[in-house]
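Asker: mmCIF, C-alpha atoms, file start.cif:
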data_coords
loop_
_atom_site.group_PDB
_atom_site.id
_atom_site.type_symbol
_atom_site.label_atom_id
_atom_site.label_comp_id
_atom_site.auth_asym_id
_atom_site.auth_seq_id
_atom_site.Cartn_x
_atom_site.Cartn_y
_atom_site.Cartn_z
ATOM 1 C CA MET A 78 87.854 112.391 91.816
ATOM 2 C CA LYS A 79 88.743 114.149 88.569
ATOM 3 C CA ASN A 80 87.525 117.720 88.066
ATOM 4 C CA ASN A 81 85.315 116.804 85.101
ATOM 5 C CA LYS A 82 83.359 114.263 87.156
ATOM 6 C CA ILE A 83 80.304 114.940 89.301
ATOM 7 C CA GLY A 84 80.344 113.134 92.672
ATOM 8 C CA ILE A 85 78.162 113.152 95.745
ATOM 9 C CA TYR A 86 80.023 115.978 97.477
ATOM 10 C CA ALA A 87 79.973 118.157 94.378
ATOM 11 C CA VAL A 88 76.205 118.081 93.846
ATOM 12 C CA VAL A 89 75.171 120.684 96.445
ATOM 13 C CA PRO A 90 77.441 123.548 95.258
ATOM 14 C CA LEU A 91 76.558 122.779 91.644
ATOM 15 C CA LEU A 92 72.856 123.134 92.391
ATOM 16 C CA ILE A 93 73.488 126.603 93.775
ATOM 17 C CA GLY A 94 75.127 127.859 90.606
ATOM 18 C CA MET A 95 73.279 125.925 87.900
ATOM 19 C CA ASN A 96 69.663 125.636 86.825
ATOM 20 C CA ALA A 97 68.031 122.233 86.355
ATOM 21 C CA SER A 98 68.566 122.020 82.604
ATOM 22 C CA SER A 99 72.257 122.881 82.746
ATOM 23 C CA LEU A 100 72.754 120.370 85.566
ATOM 24 C CA ALA A 101 71.054 117.641 83.533
ATOM 25 C CA LYS A 102 73.202 118.528 80.512
ATOM 26 C CA GLY A 103 76.346 118.329 82.647
ATOM 27 C CA LEU A 104 75.356 114.905 83.965
ATOM 28 C CA GLU A 105 74.716 113.624 80.431
ATOM 29 C CA GLU A 106 78.106 114.887 79.241
ATOM 30 C CA ASN A 107 79.796 113.355 82.296
ATOM 31 C CA LEU A 108 78.246 109.934 81.674
ATOM 32 C CA ALA A 109 79.117 110.141 77.966
ATOM 33 C CA GLN A 110 82.782 110.714 78.836
ATOM 34 C CA SER A 111 82.892 107.942 81.454
ATOM 35 C CA GLU A 112 83.815 104.343 80.906
ATOM 36 C CA ARG A 113 81.232 101.712 81.801
ATOM 37 C CA ALA A 114 81.504 98.388 83.573
ATOM 38 C CA LEU A 115 79.546 95.305 84.559
ATOM 39 C CA GLY A 116 80.172 93.317 87.692
ATOM 40 C CA THR A 117 79.054 90.463 89.881
ATOM 41 C CA GLU A 118 79.404 89.900 93.616
ATOM 42 C CA PHE A 119 78.773 86.888 95.850
ATOM 43 C CA PHE A 120 78.754 86.153 99.568
ATOM 44 C CA PHE A 121 78.407 82.720 101.203
ATOM 45 C CA SER A 122 78.503 81.976 104.920
ATOM 46 C CA ASP A 123 77.569 79.216 107.338
ATOM 47 C CA ASP A 124 78.024 78.492 111.011
ATOM 48 C CA SER A 125 78.144 75.605 113.451
ATOM 49 C CA GLU A 126 74.450 76.083 114.274
ATOM 50 C CA GLY A 127 73.417 75.279 110.686
ATOM 51 C CA PHE A 128 72.477 78.798 109.577
ATOM 52 C CA GLN A 129 73.502 79.644 105.994
ATOM 53 C CA THR A 130 73.467 82.879 104.012
ATOM 54 C CA ARG A 131 73.745 83.117 100.222
ATOM 55 C CA LYS A 132 73.893 86.420 98.334
ATOM 56 C CA LEU A 133 74.438 86.860 94.602
ATOM 57 C CA SER A 134 74.515 90.270 92.903
ATOM 58 C CA ALA A 135 74.809 91.825 89.442
ATOM 59 C CA GLU A 136 76.151 95.368 88.953
ATOM 60 C CA PHE A 137 75.861 97.949 86.197
ATOM 61 C CA LEU A 138 78.301 100.863 86.520
ATOM 62 C CA PRO A 139 77.554 103.588 83.922
ATOM 63 C CA GLN A 140 80.200 105.850 85.490
ATOM 64 C CA TYR A 141 83.422 103.907 86.003
ATOM 65 C CA GLU A 142 86.949 105.266 86.349
ATOM 66 C CA HIS A 143 88.492 102.337 88.211
ATOM 67 C CA ALA A 144 87.580 99.892 90.992
ATOM 68 C CA ASP A 145 87.789 102.601 93.671
ATOM 69 C CA ASP A 146 85.961 105.275 91.660
ATOM 70 C CA TYR A 147 82.544 104.439 90.211
ATOM 71 C CA LEU A 148 78.794 105.000 90.399
ATOM 72 C CA GLY A 149 76.085 102.480 89.497
ATOM 73 C CA ILE A 150 73.306 100.127 90.568
ATOM 74 C CA ARG A 151 73.306 96.630 92.049
ATOM 75 C CA GLY A 152 70.580 93.983 92.085
ATOM 76 C CA SER A 153 70.894 91.185 94.658
ATOM 77 C CA ALA A 154 69.173 87.882 95.439
ATOM 78 C CA TYR A 155 69.375 86.568 99.008
ATOM 79 C CA GLN A 156 68.699 83.162 100.526
ATOM 80 C CA TYR A 157 68.820 82.232 104.200
ATOM 81 C CA LYS A 158 68.597 78.582 105.322
ATOM 82 C CA ALA A 159 68.526 76.698 108.618
ATOM 83 C CA ASP A 160 67.586 72.999 108.689
ATOM 84 C CA ASP A 161 64.181 72.771 106.941
ATOM 85 C CA TRP A 162 63.559 76.562 107.115
ATOM 86 C CA SER A 163 64.457 78.980 104.315
ATOM 87 C CA ARG A 164 63.783 82.596 103.401
ATOM 88 C CA ASP A 165 64.427 84.431 100.110
ATOM 89 C CA GLY A 166 65.003 88.134 99.607
ATOM 90 C CA GLN A 167 65.657 90.700 96.869
ATOM 91 C CA LYS A 168 67.487 94.011 96.950
ATOM 92 C CA ILE A 169 68.098 96.918 94.564
ATOM 93 C CA SER A 170 70.780 99.439 95.487
ATOM 94 C CA LEU A 171 72.596 102.567 94.389
ATOM 95 C CA ILE A 172 76.340 102.008 94.834
ATOM 96 C CA GLY A 173 79.317 104.332 94.549
ATOM 97 C CA ARG A 174 82.926 104.806 95.616
ATOM 98 C CA ASN A 175 85.493 107.557 95.356
ATOM 99 C CA ILE A 176 88.531 106.420 97.330
ATOM 100 C CA ASP A 177 92.209 107.243 96.994
ATOM 101 C CA SER A 178 93.755 103.783 96.707
ATOM 102 C CA ALA A 179 97.050 104.945 98.232
ATOM 103 C CA THR A 180 95.601 106.553 101.393
ATOM 104 C CA ALA A 181 92.097 104.997 101.715
ATOM 105 C CA ASN A 182 90.678 108.526 102.017
ATOM 106 C CA GLY A 183 87.318 109.204 100.353
ATOM 107 C CA TRP A 184 83.777 107.880 100.472
ATOM 108 C CA ALA A 185 81.846 104.678 99.761
ATOM 109 C CA LEU A 186 78.081 104.187 99.738
ATOM 110 C CA GLU A 187 75.446 101.527 99.122
ATOM 111 C CA ALA A 188 71.794 102.500 99.681
ATOM 112 C CA GLY A 189 68.803 100.419 98.648
ATOM 113 C CA ILE A 190 65.532 98.652 99.338
ATOM 114 C CA VAL A 191 65.470 95.011 100.426
ATOM 115 C CA ASP A 192 62.479 92.665 100.760
ATOM 116 C CA GLN A 193 62.441 89.370 102.662
ATOM 117 C CA GLY A 194 59.318 87.538 103.715
ATOM 118 C CA ASP A 195 56.651 90.138 104.454
ATOM 119 C CA HIS A 196 59.219 92.762 105.481
ATOM 120 C CA THR A 197 60.722 95.682 103.556
ATOM 121 C CA LEU A 198 63.655 97.800 104.727
ATOM 122 C CA PHE A 199 65.601 100.798 103.471
ATOM 123 C CA THR A 200 69.253 99.807 103.951
ATOM 124 C CA PHE A 201 72.518 101.673 103.657
ATOM 125 C CA ASP A 202 76.212 101.131 104.243
ATOM 126 C CA GLY A 203 78.379 104.227 103.954
ATOM 127 C CA SER A 204 81.655 105.692 105.126
ATOM 128 C CA TYR A 205 83.715 108.839 104.667
ATOM 129 C CA ARG A 206 87.403 109.099 105.592
ATOM 130 C CA THR A 207 89.428 112.303 105.595
ATOM 131 C CA PRO A 208 92.923 113.278 106.809
ATOM 132 C CA LEU A 209 93.134 115.638 109.783
ATOM 133 C CA ALA A 210 96.926 115.893 109.868
ATOM 134 C CA GLU A 211 99.932 114.170 108.294
ATOM 135 C CA LYS A 212 99.485 111.000 110.388
ATOM 136 C CA THR A 213 95.916 111.445 111.580
ATOM 137 C CA ALA A 214 92.711 110.431 109.783
ATOM 138 C CA LEU A 215 89.045 110.424 110.780
ATOM 139 C CA GLU A 216 86.414 108.062 109.378
ATOM 140 C CA VAL A 217 82.670 108.286 110.009
ATOM 141 C CA PHE A 218 80.379 105.412 109.067
ATOM 142 C CA ALA A 219 76.739 104.303 109.153
ATOM 143 C CA ASN A 220 75.114 100.949 108.437
ATOM 144 C CA ARG A 221 71.481 99.778 108.446
ATOM 145 C CA ASP A 222 70.413 96.184 107.716
ATOM 146 C CA TRP A 223 68.560 93.113 108.940
ATOM 147 C CA VAL A 224 69.669 91.128 111.961
ATOM 148 C CA GLU A 225 70.483 87.873 110.173
ATOM 149 C CA THR A 226 69.189 85.070 112.358
ATOM 150 C CA GLN A 227 66.092 82.945 111.703
ATOM 151 C CA PRO A 228 63.879 84.437 114.475
ATOM 152 C CA ALA A 229 65.042 88.018 113.774
ATOM 153 C CA LEU A 230 64.362 87.712 110.039
ATOM 154 C CA GLU A 231 60.903 86.314 110.750
ATOM 155 C CA GLN A 232 60.160 89.283 113.023
ATOM 156 C CA GLY A 233 61.763 91.822 110.650
ATOM 157 C CA THR A 234 64.244 92.980 113.296
ATOM 158 C CA ASN A 235 66.834 95.428 111.980
ATOM 159 C CA PHE A 236 69.597 97.671 113.304
ATOM 160 C CA THR A 237 71.223 101.022 112.582
ATOM 161 C CA PHE A 238 74.920 101.331 113.489
ATOM 162 C CA ILE A 239 76.648 104.726 113.461
ATOM 163 C CA GLY A 240 80.128 105.591 114.631
ATOM 164 C CA ALA A 241 83.550 107.053 113.980
ATOM 165 C CA ALA A 242 87.147 105.800 113.838
ATOM 166 C CA LEU A 243 90.334 107.770 114.450
ATOM 167 C CA ASP A 244 93.706 106.616 113.053
ATOM 168 C CA GLN A 245 96.827 108.078 114.639
ATOM 169 C CA GLY A 246 100.344 107.284 113.474
ATOM 170 C CA LEU A 247 103.075 107.279 116.135
ATOM 171 C CA GLY A 248 106.366 107.531 114.297
ATOM 172 C CA GLU A 249 107.003 105.302 111.290
ATOM 173 C CA HIS A 250 106.197 101.924 112.812
ATOM 174 C CA VAL A 251 103.190 102.298 115.139
ATOM 175 C CA THR A 252 99.539 103.161 114.449
ATOM 176 C CA VAL A 253 96.691 103.391 116.953
ATOM 177 C CA VAL A 254 93.074 103.003 115.755
ATOM 178 C CA GLY A 255 90.146 103.846 118.027
ATOM 179 C CA VAL A 256 86.470 103.228 117.192
ATOM 180 C CA ALA A 257 83.322 104.360 119.021
ATOM 181 C CA GLY A 258 79.755 103.765 117.908
ATOM 182 C CA SER A 259 76.183 102.953 118.855
ATOM 183 C CA GLN A 260 73.937 100.261 117.397
ATOM 184 C CA PHE A 261 70.181 100.862 117.597
ATOM 185 C CA PHE A 262 67.916 97.820 117.136
ATOM 186 C CA SER A 263 64.294 98.042 116.043
ATOM 187 C CA ASP A 264 63.271 96.097 119.183
ATOM 188 C CA ASP A 265 64.484 99.085 121.314
ATOM 189 C CA ASN A 266 67.751 97.423 122.291
ATOM 190 C CA ARG A 267 70.883 99.577 122.064
ATOM 191 C CA ARG A 268 74.539 98.588 122.050
ATOM 192 C CA ASP A 269 77.386 101.005 122.703
ATOM 193 C CA HIS A 270 80.634 99.820 121.122
ATOM 194 C CA GLY A 271 84.259 100.667 121.788
ATOM 195 C CA ARG A 272 87.318 99.262 120.026
ATOM 196 C CA ILE A 273 91.025 99.991 120.043
ATOM 197 C CA ARG A 274 93.800 98.466 117.968
ATOM 198 C CA LEU A 275 97.546 98.959 118.345
ATOM 199 C CA ILE A 276 99.469 98.064 115.166
ATOM 200 C CA TYR A 277 103.250 97.652 115.109
ATOM 201 C CA GLN A 278 105.106 97.266 111.816
ATOM 202 C CA PRO A 279 108.658 96.072 112.567
ATOM 203 C CA SER A 280 109.847 96.671 108.979
ATOM 204 C CA LEU A 281 108.309 98.937 106.354
ATOM 205 C CA ASP A 282 109.413 96.496 103.630
ATOM 206 C CA LEU A 283 108.194 93.144 104.981
ATOM 207 C CA GLY A 284 104.452 93.830 105.059
ATOM 208 C CA LEU A 285 104.319 92.256 108.527
ATOM 209 C CA THR A 286 102.282 93.691 111.425
ATOM 210 C CA LEU A 287 101.829 92.736 115.067
ATOM 211 C CA GLN A 288 98.454 93.801 116.446
ATOM 212 C CA ALA A 289 96.905 94.107 119.892
ATOM 213 C CA ARG A 290 93.109 94.399 119.724
ATOM 214 C CA TYR A 291 90.449 95.098 122.318
ATOM 215 C CA ARG A 292 86.692 95.491 121.817
ATOM 216 C CA THR A 293 83.734 95.816 124.113
ATOM 217 C CA TYR A 294 80.030 96.537 123.977
ATOM 218 C CA GLN A 295 77.197 96.958 126.444
ATOM 219 C CA SER A 296 73.548 96.224 125.607
ATOM 220 C CA SER A 297 70.684 98.180 127.145
ATOM 221 C CA GLU A 298 68.248 95.228 127.011
ATOM 222 C CA GLU A 299 69.231 91.855 128.393
ATOM 223 C CA ASP A 300 66.202 89.907 127.141
ATOM 224 C CA VAL A 301 65.553 90.115 123.375
ATOM 225 C CA GLY A 302 63.571 86.867 123.155
ATOM 226 C CA ARG A 303 66.597 84.906 121.924
ATOM 227 C CA GLU A 304 66.264 86.542 118.512
ATOM 228 C CA TYR A 305 70.033 87.106 118.439
ATOM 229 C CA PHE A 306 73.079 86.653 120.659
ATOM 230 C CA ASN A 307 72.885 89.541 123.125
ATOM 231 C CA PRO A 308 75.153 89.567 126.176
ATOM 232 C CA GLN A 309 74.665 92.648 128.311
ATOM 233 C CA ASP A 310 78.428 93.101 128.736
ATOM 234 C CA TYR A 311 80.930 91.721 126.209
ATOM 235 C CA GLN A 312 84.741 92.093 126.115
ATOM 236 C CA GLU A 313 87.395 90.558 123.865
ATOM 237 C CA SER A 314 91.178 90.955 123.878
ATOM 238 C CA MET A 315 93.207 89.541 120.991
ATOM 239 C CA LEU A 316 96.757 89.346 119.682
ATOM 240 C CA ALA A 317 97.010 89.049 115.919
ATOM 241 C CA LEU A 318 99.670 88.663 113.260
ATOM 242 C CA GLY A 319 99.092 90.311 109.882
ATOM 243 C CA TRP A 320 100.958 89.946 106.607
ATOM 244 C CA ARG A 321 100.441 91.742 103.294
ATOM 245 C CA GLN A 322 102.437 91.575 100.068
ATOM 246 C CA ARG A 323 102.184 93.183 96.634
ATOM 247 C CA PHE A 324 103.257 91.502 93.405
ATOM 248 C CA SER A 325 102.760 92.883 89.868
ATOM 249 C CA GLY A 326 100.036 95.208 91.119
ATOM 250 C CA TRP A 327 98.179 92.430 92.987
ATOM 251 C CA SER A 328 97.945 92.364 96.787
ATOM 252 C CA ALA A 329 97.420 89.444 99.156
ATOM 253 C CA GLY A 330 96.957 89.442 102.897
ATOM 254 C CA LEU A 331 96.613 87.124 105.868
ATOM 255 C CA THR A 332 95.553 87.800 109.460
ATOM 256 C CA ALA A 333 95.583 85.254 112.289
ATOM 257 C CA GLY A 334 94.467 86.133 115.803
ATOM 258 C CA PHE A 335 94.016 84.388 119.145
ATOM 259 C CA GLY A 336 92.213 85.966 122.072
ATOM 260 C CA ARG A 337 90.017 85.711 125.135
ATOM 261 C CA GLU A 338 86.432 86.873 125.531
ATOM 262 C CA LYS A 339 84.411 87.568 128.671
ATOM 263 C CA ILE A 340 80.607 87.546 128.639
ATOM 264 C CA ASN A 341 78.823 89.195 131.548
ATOM 265 C CA GLN A 342 80.167 87.654 134.765
ATOM 266 C CA ASP A 343 81.157 84.306 133.237
ATOM 267 C CA SER A 344 84.725 83.024 133.087
ATOM 268 C CA SER A 345 86.732 84.062 130.041
ATOM 269 C CA GLN A 346 87.116 81.695 127.094
ATOM 270 C CA SER A 347 89.256 81.506 123.966
ATOM 271 C CA THR A 348 88.516 83.061 120.557
ATOM 272 C CA ARG A 349 90.172 82.683 117.152
ATOM 273 C CA LEU A 350 90.220 84.661 113.938
ATOM 274 C CA PHE A 351 91.636 83.872 110.480
ATOM 275 C CA GLU A 352 91.245 86.067 107.390
ATOM 276 C CA LEU A 353 92.571 85.808 103.829
ATOM 277 C CA ASN A 354 92.214 88.373 101.044
ATOM 278 C CA LEU A 355 93.337 88.788 97.434
ATOM 279 C CA GLN A 356 92.929 91.820 95.186
ATOM 280 C CA SER A 357 93.943 92.573 91.609
ATOM 281 C CA PRO A 358 95.258 95.984 90.476
ATOM 282 C CA VAL A 359 92.579 98.651 90.990
ATOM 283 C CA ARG A 360 93.152 100.154 87.535
ATOM 284 C CA GLY A 361 92.636 97.861 84.562
ATOM 285 C CA SER A 362 89.998 96.451 82.248
ATOM 286 C CA GLN A 363 89.092 93.840 84.901
ATOM 287 C CA PHE A 364 89.091 93.877 88.686
ATOM 288 C CA LEU A 365 88.904 90.963 91.117
ATOM 289 C CA ARG A 366 88.582 91.043 94.895
ATOM 290 C CA MET A 367 88.117 88.026 97.166
ATOM 291 C CA ASN A 368 88.289 87.464 100.897
ATOM 292 C CA ALA A 369 87.444 84.643 103.268
ATOM 293 C CA GLY A 370 87.393 84.262 107.000
ATOM 294 C CA TYR A 371 86.831 82.016 109.998
ATOM 295 C CA ASN A 372 85.865 83.040 113.528
ATOM 296 C CA ARG A 373 85.385 81.007 116.708
ATOM 297 C CA SER A 374 83.654 82.659 119.659
ATOM 298 C CA ALA A 375 80.585 82.187 121.866
ATOM 299 C CA SER A 376 76.866 81.948 121.039
ATOM 300 C CA PHE A 377 73.598 80.949 122.712
ATOM 301 C CA TYR A 378 74.776 77.373 122.979
ATOM 302 C CA GLY A 379 78.244 77.793 124.448
ATOM 303 C CA PRO A 380 81.792 78.850 123.597
ATOM 304 C CA ASP A 381 82.432 76.713 120.501
ATOM 305 C CA TYR A 382 80.559 78.720 117.866
ATOM 306 C CA ASP A 383 82.184 78.654 114.405
ATOM 307 C CA TYR A 384 81.439 81.103 111.603
ATOM 308 C CA ARG A 385 82.876 80.868 108.076
ATOM 309 C CA TYR A 386 82.434 83.103 105.039
ATOM 310 C CA ILE A 387 83.738 83.829 101.539
ATOM 311 C CA ARG A 388 83.091 86.965 99.486
ATOM 312 C CA GLY A 389 84.101 87.907 95.942
ATOM 313 C CA GLU A 390 83.619 90.682 93.384
ATOM 314 C CA TRP A 391 84.488 90.752 89.685
ATOM 315 C CA ILE A 392 84.179 93.888 87.513
ATOM 316 C CA VAL A 393 84.711 94.034 83.746
ATOM 317 C CA GLN A 394 85.064 97.386 81.980
ATOM 318 C CA PHE A 395 83.588 97.942 78.529
#
Translate the structure of the given file into C-alpha cells.

Answerer:
Amino acid sequence: MKNNKIGIYAVVPLLIGMNASSLAKGLEENLAQSERALGTEFFFSDDSEGFQTRKLSAEFLPQYEHADDYLGIRGSAYQYKADDWSRDGQKISLIGRNIDSATANGWALEAGIVDQGDHTLFTFDGSYRTPLAEKTALEVFANRDWVETQPALEQGTNFTFIGAALDQGLGEHVTVVGVAGSQFFSDDNRRDHGRIRLIYQPSLDLGLTLQARYRTYQSSEEDVGREYFNPQDYQESMLALGWRQRFSGWSAGLTAGFGREKINQDSSQSTRLFELNLQSPVRGSQFLRMNAGYNRSASFYGPDYDYRYIRGEWIVQF
C-alpha cells in the first residue's frame, strides 16, 4: 500500500495521533486522490442432486489503485433452487484488498449482512498473509456464511471457519503447504480440519507443478438431521497436475487431480478435480478474472456426486 493511502492496518496508529476532524480530512483527501472503479461479479453452480446457486453482484470502489488494492462496497442478489423449491437472498458488503501481486502477501476482506428467507446473518471472509522468512509465509483466515443446502438454508444454519496456513519452500523446486483450522456450526457441530500439500516444480520456466495433496476432518456430531453431508471421519488423498502460463500480462491455469476418499469405516472410493482460471493484468483500466471447476466425490446418496461452478469478476476504472 502506498504511504499516502489509509488502509485497515494503518487506522489504529492514526487514531492515536490525530483527532477526529483531522482524520476525517485525511480520509477525504485520500479518496479525492484515488481512482474509482465499478465492477460486477457472478457465481453459478449446480450439482448432480439438482441444487443450484446463482449470485450476481455490483461493486462500487471509491478507492481503487489496481485489482489487488482497493476499498469499496458490494451489493449481491442470491437465488437457490432445487426442483420446485427456491429461495432468494440479498447481501450488502464492505470489500477491500491490499495484496502484493508478486508475493501474494497482504490482506483481503469482505464483511456484510445477508438476508435469506426469514434469516439474517453477519458474514465475513478475510485473510492476512505475511512472510516469516525468505521462503516461509504464514496466512491466517476466517470465514462465516450459510450452509448452502435446502434444509440448512430453511433452518438458517451457518458456520464460522477459522484457521492458518504455513508455506515453506524447500530449495528452488519444492514447497510444502500445511493448513489447520476449525469449523463451528450453529447447530453445535464442530469440524477440525487438517490439510497438507507437497508441490514440486520440475522447471522454473515451464509453469508446471506436480502436487500430492491430503486432507482430513473429524466432526463432533454424527447426526445433524441430514441438513448437510457430515461424515464423522473424512480423508482424501490426491495426486494433481498443475499448469500456469503468462502471456502479455495475462495468466491462465489448469489443475487436474485424481484421488481416493475414505468416509468413516467404509471402503475408499475415487475422487476427481478439474479447475480452470484466467486473469487479465492486475494493473490497467479494466480487470477480468474468471475460474471454473468440477469435482466428483461422495454425498448422502453415494459416491457419484458431481459439483460444477463458474465464477467471474469484471472491474472498470473511471

Asker: At what distance in Å, to one decimal, does CA of Val393 (chain A) lie from CA of Ile172 (chain A)?

Answerer: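 Between CA of Ile172 (chain A) and CA of Val393 (chain A) the gap is 16.0 Å.
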
Asker: Between A:Ser357, A:Gln312, A:Ser125, A:Asn235, which has the minimum distance to Gly271 (chain A) (counting all atoms listed in the file)?

Answerer: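 Of A:Ser357, A:Gln312, A:Ser125, A:Asn235, the one nearest Gly271 (chain A), counting all atoms listed in the file, is A:Gln312.
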
Asker: Using all atoms listed in the file, can you tell me which of A:Ile169, A:Leu209, A:Ile276, A:Ala144 comes closest to Thr197 (chain A)?

Answerer: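 For Thr197 (chain A), the nearest of the candidates is A:Ile169.
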
Asker: Please indicate the distance in Å from CA of Ser153 (chain A) to CA of His270 (chain A), rounded to one decimal place.

Answerer: 29.5 Å

Asker: Mind pulling up the distance from CA of Leu186 (chain A) to CA of Gln363 (chain A)?

Answerer: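 Pair CA of Gln363 (chain A) / CA of Leu186 (chain A) returns 21.2 Å.
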
Asker: Determine the residue membership of the PyMOL selection byres ((chain A and resi 131) around 10) for the file above and supply it as a VMD selection string.

Answerer: chain A and resid 119 to 123 129 to 130 132 to 133 154 to 158 165 386

Asker: Could you pull out every residue with an atom within 9 Å of (75.4, 100.6, 114.4), file coordinates, counting only C-alpha atoms, and send them as a PDB file with C-alpha atoms, keeping the file's coordinate frame?

Answerer:
ATOM      1  CA  PHE A 218      80.379 105.412 109.067  1.00  0.00           C
ATOM      2  CA  ALA A 219      76.739 104.303 109.153  1.00  0.00           C
ATOM      3  CA  ASN A 220      75.114 100.949 108.437  1.00  0.00           C
ATOM      4  CA  ARG A 221      71.481  99.778 108.446  1.00  0.00           C
ATOM      5  CA  PHE A 236      69.597  97.671 113.304  1.00  0.00           C
ATOM      6  CA  THR A 237      71.223 101.022 112.582  1.00  0.00           C
ATOM      7  CA  PHE A 238      74.920 101.331 113.489  1.00  0.00           C
ATOM      8  CA  ILE A 239      76.648 104.726 113.461  1.00  0.00           C
ATOM      9  CA  GLY A 240      80.128 105.591 114.631  1.00  0.00           C
ATOM     10  CA  GLY A 258      79.755 103.765 117.908  1.00  0.00           C
ATOM     11  CA  SER A 259      76.183 102.953 118.855  1.00  0.00           C
ATOM     12  CA  GLN A 260      73.937 100.261 117.397  1.00  0.00           C
ATOM     13  CA  PHE A 261      70.181 100.862 117.597  1.00  0.00           C
ATOM     14  CA  PHE A 262      67.916  97.820 117.136  1.00  0.00           C
ATOM     15  CA  ARG A 267      70.883  99.577 122.064  1.00  0.00           C
ATOM     16  CA  ARG A 268      74.539  98.588 122.050  1.00  0.00           C
ATOM     17  CA  ASP A 269      77.386 101.005 122.703  1.00  0.00           C
ATOM     18  CA  HIS A 270      80.634  99.820 121.122  1.00  0.00           C
TER      19      HIS A 270
END

Asker: For the structure shown, which residues end up in the PyMOL selection byres ((chain A and resi 373) around 7)? Put them as an mmCIF file with C-alpha atoms, in the frame of the given file, please?

Answerer:
data_model
loop_
_atom_site.group_PDB
_atom_site.id
_atom_site.type_symbol
_atom_site.label_atom_id
_atom_site.label_comp_id
_atom_site.auth_asym_id
_atom_site.auth_seq_id
_atom_site.Cartn_x
_atom_site.Cartn_y
_atom_site.Cartn_z
ATOM 1 C CA THR A 348 88.516 83.061 120.557
ATOM 2 C CA ARG A 349 90.172 82.683 117.152
ATOM 3 C CA LEU A 350 90.220 84.661 113.938
ATOM 4 C CA TYR A 371 86.831 82.016 109.998
ATOM 5 C CA ASN A 372 85.865 83.040 113.528
ATOM 6 C CA SER A 374 83.654 82.659 119.659
ATOM 7 C CA ASP A 381 82.432 76.713 120.501
ATOM 8 C CA TYR A 382 80.559 78.720 117.866
ATOM 9 C CA ASP A 383 82.184 78.654 114.405
ATOM 10 C CA TYR A 384 81.439 81.103 111.603
#

Asker: Residues within 10 Å of Ala185 (chain A), please, as a PyMOL selection string. Count all atoms listed in the file; anything in the same chain fewer than 6 positions from it doesn't count.

Answerer: chain A and resi 145-148+172-176+202-206+218

Asker: What's the 9 Å shell around Glu112 (chain A), counting only C-alpha atoms, without same-chain residues fewer than 5 positions away, as a PyMOL selection string?

Answerer: chain A and resi 138-143+394-395

Asker: Would you mind telling me which residue in A:Glu126, A:Ala135, A:Gln346, A:Gly183 lies nearest to Glu390 (chain A) when using all atoms listed in the file?

Answerer: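 Closest candidate: A:Ala135.
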
Asker: Report as a ChimeraX atom specification the residues that result from applying the PyMOL selection byres ((chain A and resi 137) around 6) to the structure here.

Answerer: /A:115,136,138,149-150

Asker: My list of candidates is A:Gln295, A:Asn368, A:Gln278, A:Thr332. Which is closest to Gly246 (chain A) when distances are computed with all atoms listed in the file?

Answerer: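 Between A:Gln295, A:Asn368, A:Gln278, A:Thr332, the residue approaching Gly246 (chain A) most closely is A:Gln278.
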
Asker: Got a sec: who's within 6 Å of Gln322 (chain A), counting all atoms listed in the file, leaving out chain neighbours fewer than 5 positions off, as number ranges by chain?

Answerer: A: 284, 328-329

Asker: For Leu230 (chain A), please output as a list in words all residues within 9 Å (counting only C-alpha atoms; exclusion window: fewer than 5 positions along the same chain).

Answerer: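 Here the answer would be Arg164, Gln193, Gly194, His196, Trp223, Val224, Glu225, Asn235 and Glu304 of chain A.
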
Asker: Name all residues at most 6 Å from Gly330 (chain A) (count all atoms listed in the file; drop same-chain ones fewer than 4 positions away) and give them as a ChimeraX atom specification.

Answerer: /A:320-321,353-354

Asker: Looking at all atoms listed in the file, which of A:Ser134, A:Ser170, A:Gln342, A:Thr213 is the one that sits closest to Asn182 (chain A)?

Answerer: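 Among the listed residues, the smallest separation from Asn182 (chain A) belongs to A:Thr213.
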
Asker: Kindly indicate which residue among A:Lys339, A:Arg274, A:Arg323, A:Arg290 lies nearest to Gln309 (chain A), using only C-alpha atoms for the distances.

Answerer: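 Looking at the shortest contact to Gln309 (chain A), the residue is A:Lys339.
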
Asker: Could you work out an axis-aligned bounding box for all listed atoms of region 335-346 of chain A, with 8 Å added on each of the six sides, and give its centre and edge lengths in Å to one decimal, as AutoDock Vina command-line options?

Answerer:
--center_x 86.4 --center_y 85.4 --center_z 127.0 --size_x 31.2 --size_y 23.5 --size_z 31.6

Asker: Residues around (97.4, 88.1, 114.4), cut-off 7 Å, counting only C-alpha atoms - what are they as a short mmCIF file (atom, residue, chain, number, x, y, z; two decimals) with C-alpha atoms, keeping the file's coordinate frame?

Answerer:
data_model
loop_
_atom_site.label_atom_id
_atom_site.label_comp_id
_atom_site.auth_asym_id
_atom_site.auth_seq_id
_atom_site.Cartn_x
_atom_site.Cartn_y
_atom_site.Cartn_z
CA LEU A 287 101.83 92.74 115.07
CA GLN A 288 98.45 93.80 116.45
CA LEU A 316 96.76 89.35 119.68
CA ALA A 317 97.01 89.05 115.92
CA LEU A 318 99.67 88.66 113.26
CA GLY A 319 99.09 90.31 109.88
CA THR A 332 95.55 87.80 109.46
CA ALA A 333 95.58 85.25 112.29
CA GLY A 334 94.47 86.13 115.80
CA PHE A 335 94.02 84.39 119.14
#
